[in-house]
file data_37.json (JSON, C-alpha atoms)
[["chain", "number", "residue", "atom", "x", "y", "z"],
["B", 553, "MET", "CA", -10.62, -17.88, -39.74],
["B", 554, "ARG", "CA", -12.13, -14.74, -38.26],
["B", 555, "ASP", "CA", -15.79, -14.54, -37.30],
["B", 556, "SER", "CA", -17.30, -11.94, -39.67],
["B", 557, "ASN", "CA", -19.33, -10.47, -36.78],
["B", 558, "ARG", "CA", -16.30, -10.01, -34.56],
["B", 559, "ILE", "CA", -14.90, -6.50, -34.27],
["B", 560, "SER", "CA", -11.14, -6.26, -34.79],
["B", 561, "LEU", "CA", -8.76, -3.92, -33.01],
["B", 562, "ASP", "CA", -8.36, -2.10, -36.32],
["B", 563, "ASP", "CA", -12.13, -1.53, -36.43],
["B", 564, "LEU", "CA", -12.10, -0.34, -32.83],
["B", 565, "GLY", "CA", -10.17, 2.82, -33.57],
["B", 566, "LEU", "CA", -12.93, 3.99, -35.87],
["B", 567, "MET", "CA", -15.82, 3.31, -33.48],
["B", 568, "PRO", "CA", -17.40, 5.75, -31.02],
["B", 569, "ILE", "CA", -16.61, 4.75, -27.44],
["B", 570, "GLY", "CA", -20.31, 4.29, -26.66],
["B", 571, "ASP", "CA", -20.58, 1.68, -29.42],
["B", 572, "ILE", "CA", -17.55, -0.12, -28.02],
["B", 573, "ALA", "CA", -19.05, -0.08, -24.52],
["B", 574, "ALA", "CA", -22.23, -1.60, -25.96],
["B", 575, "LEU", "CA", -20.38, -4.64, -27.33],
["B", 576, "ALA", "CA", -21.01, -8.02, -25.71],
["B", 577, "ALA", "CA", -18.70, -8.89, -22.83],
["B", 578, "GLU", "CA", -17.29, -11.87, -24.79],
["B", 579, "GLN", "CA", -16.30, -9.56, -27.65],
["B", 580, "LEU", "CA", -14.77, -7.04, -25.24],
["B", 581, "ALA", "CA", -12.79, -9.86, -23.61],
["B", 582, "LEU", "CA", -11.48, -11.02, -26.98],
["B", 583, "LEU", "CA", -10.50, -7.46, -27.92],
["B", 584, "GLN", "CA", -8.76, -6.92, -24.58],
["B", 585, "GLU", "CA", -6.87, -10.19, -25.02],
["B", 586, "GLU", "CA", -5.85, -9.25, -28.57],
["B", 587, "ALA", "CA", -4.74, -5.78, -27.45],
["B", 588, "GLY", "CA", -2.64, -7.33, -24.68],
["B", 589, "GLU", "CA", -1.02, -9.73, -27.15],
["B", 590, "ARG", "CA", -0.21, -6.88, -29.55],
["B", 591, "LEU", "CA", 1.19, -4.79, -26.72],
["B", 592, "ARG", "CA", 3.42, -7.63, -25.51],
["B", 593, "ALA", "CA", 4.60, -8.23, -29.08],
["B", 594, "ALA", "CA", 5.30, -4.51, -29.60],
["B", 595, "GLU", "CA", 7.20, -4.34, -26.29],
["B", 596, "ALA", "CA", 9.30, -7.36, -27.29],
["B", 597, "VAL", "CA", 10.13, -5.82, -30.68],
["B", 598, "SER", "CA", 10.92, -2.50, -29.00],
["B", 599, "GLU", "CA", 13.28, -4.20, -26.54],
["B", 600, "TRP", "CA", 14.98, -6.10, -29.36],
["B", 601, "LEU", "CA", 15.37, -2.89, -31.40],
["B", 602, "ASN", "CA", 16.68, -0.95, -28.38],
["B", 603, "GLY", "CA", 19.21, -3.73, -27.78],
["B", 604, "ALA", "CA", 20.44, -3.44, -31.36],
["B", 605, "ILE", "CA", 20.68, 0.35, -31.07],
["B", 606, "ALA", "CA", 22.62, 0.00, -27.80],
["B", 607, "LEU", "CA", 24.96, -2.50, -29.45],
["B", 608, "LYS", "CA", 25.57, -0.07, -32.32],
["B", 609, "TYR", "CA", 26.19, 3.07, -30.25],
["B", 610, "THR", "CA", 27.38, 2.08, -26.74],
["B", 611, "ASP", "CA", 31.11, 2.13, -27.55],
["B", 612, "ARG", "CA", 30.87, 5.47, -29.38],
["B", 613, "ALA", "CA", 28.86, 6.93, -26.51],
["B", 614, "ALA", "CA", 31.48, 5.74, -24.00],
["B", 615, "MET", "CA", 34.21, 7.47, -26.04],
["B", 616, "ALA", "CA", 32.15, 10.66, -26.26],
["B", 617, "ARG", "CA", 31.61, 10.58, -22.48],
["B", 618, "LEU", "CA", 35.32, 10.08, -21.91],
["B", 619, "GLU", "CA", 36.15, 13.01, -24.22],
["B", 620, "ALA", "CA", 33.56, 15.20, -22.48],
["B", 621, "ALA", "CA", 34.76, 14.04, -19.03],
["B", 622, "LYS", "CA", 31.23, 13.27, -17.87],
["B", 623, "ASP", "CA", 29.65, 10.09, -16.53],
["B", 624, "THR", "CA", 26.00, 11.14, -16.77],
["B", 625, "GLY", "CA", 23.83, 13.40, -18.86],
["B", 626, "THR", "CA", 23.50, 13.49, -22.63],
["B", 627, "VAL", "CA", 26.11, 13.11, -25.33],
["B", 628, "ARG", "CA", 25.32, 13.50, -29.01],
["B", 629, "LEU", "CA", 26.75, 11.35, -31.77],
["B", 630, "ALA", "CA", 26.60, 12.35, -35.41],
["B", 631, "ASP", "CA", 25.81, 9.43, -37.69],
["B", 632, "GLU", "CA", 25.19, 8.96, -41.38],
["B", 633, "ASP", "CA", 22.49, 10.81, -43.30],
["B", 634, "GLY", "CA", 22.50, 13.67, -40.80],
["B", 635, "VAL", "CA", 21.14, 11.53, -38.00],
["B", 636, "VAL", "CA", 22.18, 12.66, -34.52],
["B", 637, "VAL", "CA", 21.97, 10.10, -31.74],
["B", 638, "ALA", "CA", 21.37, 11.58, -28.29],
["B", 639, "VAL", "CA", 22.58, 9.11, -25.69],
["B", 640, "THR", "CA", 21.40, 9.91, -22.17],
["B", 641, "THR", "CA", 22.66, 8.31, -19.01],
["B", 642, "PRO", "CA", 20.53, 9.52, -16.10],
["B", 643, "LYS", "CA", 21.99, 10.24, -12.71],
["B", 644, "ARG", "CA", 20.42, 8.23, -9.90],
["B", 645, "VAL", "CA", 21.50, 9.10, -6.37],
["B", 646, "ASP", "CA", 20.75, 6.94, -3.34],
["B", 647, "TRP", "CA", 21.48, 8.07, 0.19],
["B", 648, "ASP", "CA", 22.24, 5.74, 3.08],
["B", 649, "GLN", "CA", 19.30, 6.35, 5.43],
["B", 650, "HIS", "CA", 21.15, 5.32, 8.60],
["B", 651, "ILE", "CA", 24.06, 7.69, 7.94],
["B", 652, "LEU", "CA", 21.64, 10.51, 7.09],
["B", 653, "ALA", "CA", 19.68, 9.92, 10.31],
["B", 654, "ALA", "CA", 22.91, 10.16, 12.33],
["B", 655, "LEU", "CA", 23.86, 13.38, 10.52],
["B", 656, "VAL", "CA", 20.43, 14.88, 11.18],
["B", 657, "GLU", "CA", 20.91, 14.20, 14.88],
["B", 658, "LYS", "CA", 24.35, 15.85, 14.81],
["B", 659, "ILE", "CA", 22.90, 18.93, 13.08],
["B", 660, "ARG", "CA", 20.08, 19.10, 15.62],
["B", 661, "ALA", "CA", 22.56, 18.65, 18.54],
["B", 662, "ALA", "CA", 24.59, 21.55, 17.15],
["B", 663, "GLY", "CA", 21.49, 23.75, 17.47],
["B", 664, "GLU", "CA", 20.73, 24.01, 13.77],
["B", 665, "ASP", "CA", 17.58, 23.05, 11.91],
["B", 666, "PRO", "CA", 18.13, 19.85, 9.89],
["B", 667, "ALA", "CA", 15.22, 20.82, 7.61],
["B", 668, "GLU", "CA", 17.53, 23.40, 6.04],
["B", 669, "TYR", "CA", 19.70, 20.57, 4.75],
["B", 670, "VAL", "CA", 17.70, 17.34, 4.68],
["B", 671, "ARG", "CA", 14.19, 16.55, 3.54],
["B", 672, "THR", "CA", 12.52, 14.06, 5.84],
["B", 673, "LYS", "CA", 9.60, 11.87, 4.86],
["B", 674, "PHE", "CA", 7.62, 9.76, 7.27],
["B", 675, "ASP", "CA", 5.81, 6.76, 5.86],
["B", 676, "ILE", "CA", 3.87, 3.83, 7.24],
["B", 677, "THR", "CA", 3.15, 0.70, 5.24],
["B", 678, "GLU", "CA", -0.51, -0.19, 4.97],
["B", 679, "ARG", "CA", 0.27, -3.72, 6.14],
["B", 680, "ALA", "CA", 1.85, -2.39, 9.36],
["B", 681, "TYR", "CA", -1.03, 0.04, 9.94],
["B", 682, "ALA", "CA", -3.60, -2.72, 9.55],
["B", 683, "ALA", "CA", -1.71, -4.88, 12.07],
["B", 684, "TRP", "CA", -1.64, -2.21, 14.79],
["B", 685, "PRO", "CA", -4.05, -2.33, 17.74],
["B", 686, "SER", "CA", -7.09, -0.08, 17.19],
["B", 687, "HIS", "CA", -6.08, 2.45, 19.89],
["B", 688, "ILE", "CA", -2.76, 3.08, 18.06],
["B", 689, "ARG", "CA", -4.45, 3.29, 14.64],
["B", 690, "LYS", "CA", -6.87, 5.88, 16.07],
["B", 691, "ILE", "CA", -3.97, 8.14, 17.07],
["B", 692, "PHE", "CA", -2.59, 8.08, 13.50],
["B", 693, "GLU", "CA", -5.92, 8.44, 11.64],
["B", 694, "PRO", "CA", -5.76, 12.26, 11.36],
["B", 695, "ALA", "CA", -2.47, 11.90, 9.44],
["B", 696, "ARG", "CA", -3.83, 9.27, 7.04],
["B", 697, "THR", "CA", -5.51, 10.00, 3.73],
["B", 698, "VAL", "CA", -6.82, 7.24, 1.48],
["B", 699, "ARG", "CA", -7.12, 7.93, -2.24],
["B", 700, "THR", "CA", -8.22, 5.57, -4.94],
["B", 701, "GLY", "CA", -6.05, 4.71, -7.91],
["B", 702, "LYS", "CA", -7.05, 4.25, -11.52],
["B", 703, "MET", "CA", -9.51, 1.43, -12.03],
["B", 704, "THR", "CA", -8.42, -1.39, -14.30],
["B", 705, "PHE", "CA", -10.61, -4.00, -15.89],
["B", 706, "ARG", "CA", -9.61, -7.47, -16.99],
["B", 707, "LEU", "CA", -12.30, -9.48, -18.65],
["B", 708, "ILE", "CA", -11.85, -13.20, -18.19],
["B", 709, "ARG", "CA", -13.66, -15.40, -20.64],
["B", 710, "ALA", "CA", -15.36, -18.60, -19.48],
["B", 711, "GLY", "CA", -12.82, -21.34, -18.86],
["B", 712, "GLU", "CA", -9.91, -18.93, -18.47],
["B", 713, "GLU", "CA", -8.10, -18.16, -15.25]]
call {"tool": "encode", "arguments": {"input": "data_37.json", "output": "structure tokens"}}
result
Amino acid sequence: MRDSNRISLDDLGLMPIGDIAALAAEQLALLQEEAGERLRAAEAVSEWLNGAIALKYTDRAAMARLEAAKDTGTVRLADEDGVVVAVTTPKRVDWDQHILAALVEKIRAAGEDPAEYVRTKFDITERAYAAWPSHIRKIFEPARTVRTGKMTFRLIRAGEE
């Protein structure tokens, strides 16, 4: 049985954000919990549906790819009632970093600029940076920028962990 004073997620969509912010923390926690449960349920249904769609069209998509002589990209399948199914297989390319580093050195040794061929990115993990001695960190500070990410809030009701 639902408490008649409790706001539901359905009510929430009709409320001004200031009114929602003014709700008691307990009510906000309950709403956040309910929204999370609905999201998880929707994601599970979506995964189940996508699995069924994949089961229905994977073989036809494989045949269409074979006929088009392409491993990646989009193929279109005509289905009943004028429905067209666009099946996309993205291309993901990974490069062996050790081989690329050796090739960059060969290009440089040949007197050419590797930047014309290869994009290089330097990165330092925050864990490594924090473990360095202070005199080393100081040298790298001008190259370091710290930005904040999006804040998230999780309200934990009494007795929950």
call {"tool": "closest_residue", "arguments": {"input": "data_37.json", "among": "B:Ala616, B:Leu582, B:Leu591, B:Ala710", "to": "B:Val637", "atoms": "all atoms listed in the file"}}
result
B:Ala616
call {"tool": "closest_residue", "arguments": {"input": "data_37.json", "among": "B:Leu652, B:Ile659, B:Ile688, B:Arg696", "to": "B:Thr672", "atoms": "only C-alpha atoms"}}
result
B:Leu652
call {"tool": "closest_residue", "arguments": {"input": "data_37.json", "among": "B:Pro685, B:Glu585, B:Ile708, B:Ala653", "to": "B:Lys673", "atoms": "only C-alpha atoms"}}
result
B:Ala653
call {"tool": "atom_distance", "arguments": {"input": "data_37.json", "atom1": "atom CA of B:Leu601", "atom2": "atom CA of B:Leu561"}}
result
24.2 Å
call {"tool": "atom_distance", "arguments": {"input": "data_37.json", "atom1": "atom CA of B:Glu712", "atom2": "atom CA of B:Ala581"}}
result
10.8 Å
call {"tool": "closest_residue", "arguments": {"input": "data_37.json", "among": "B:Arg628, B:Lys702, B:Arg709, B:Arg644", "to": "B:Ala614", "atoms": "all atoms listed in the file"}}
result
B:Arg628
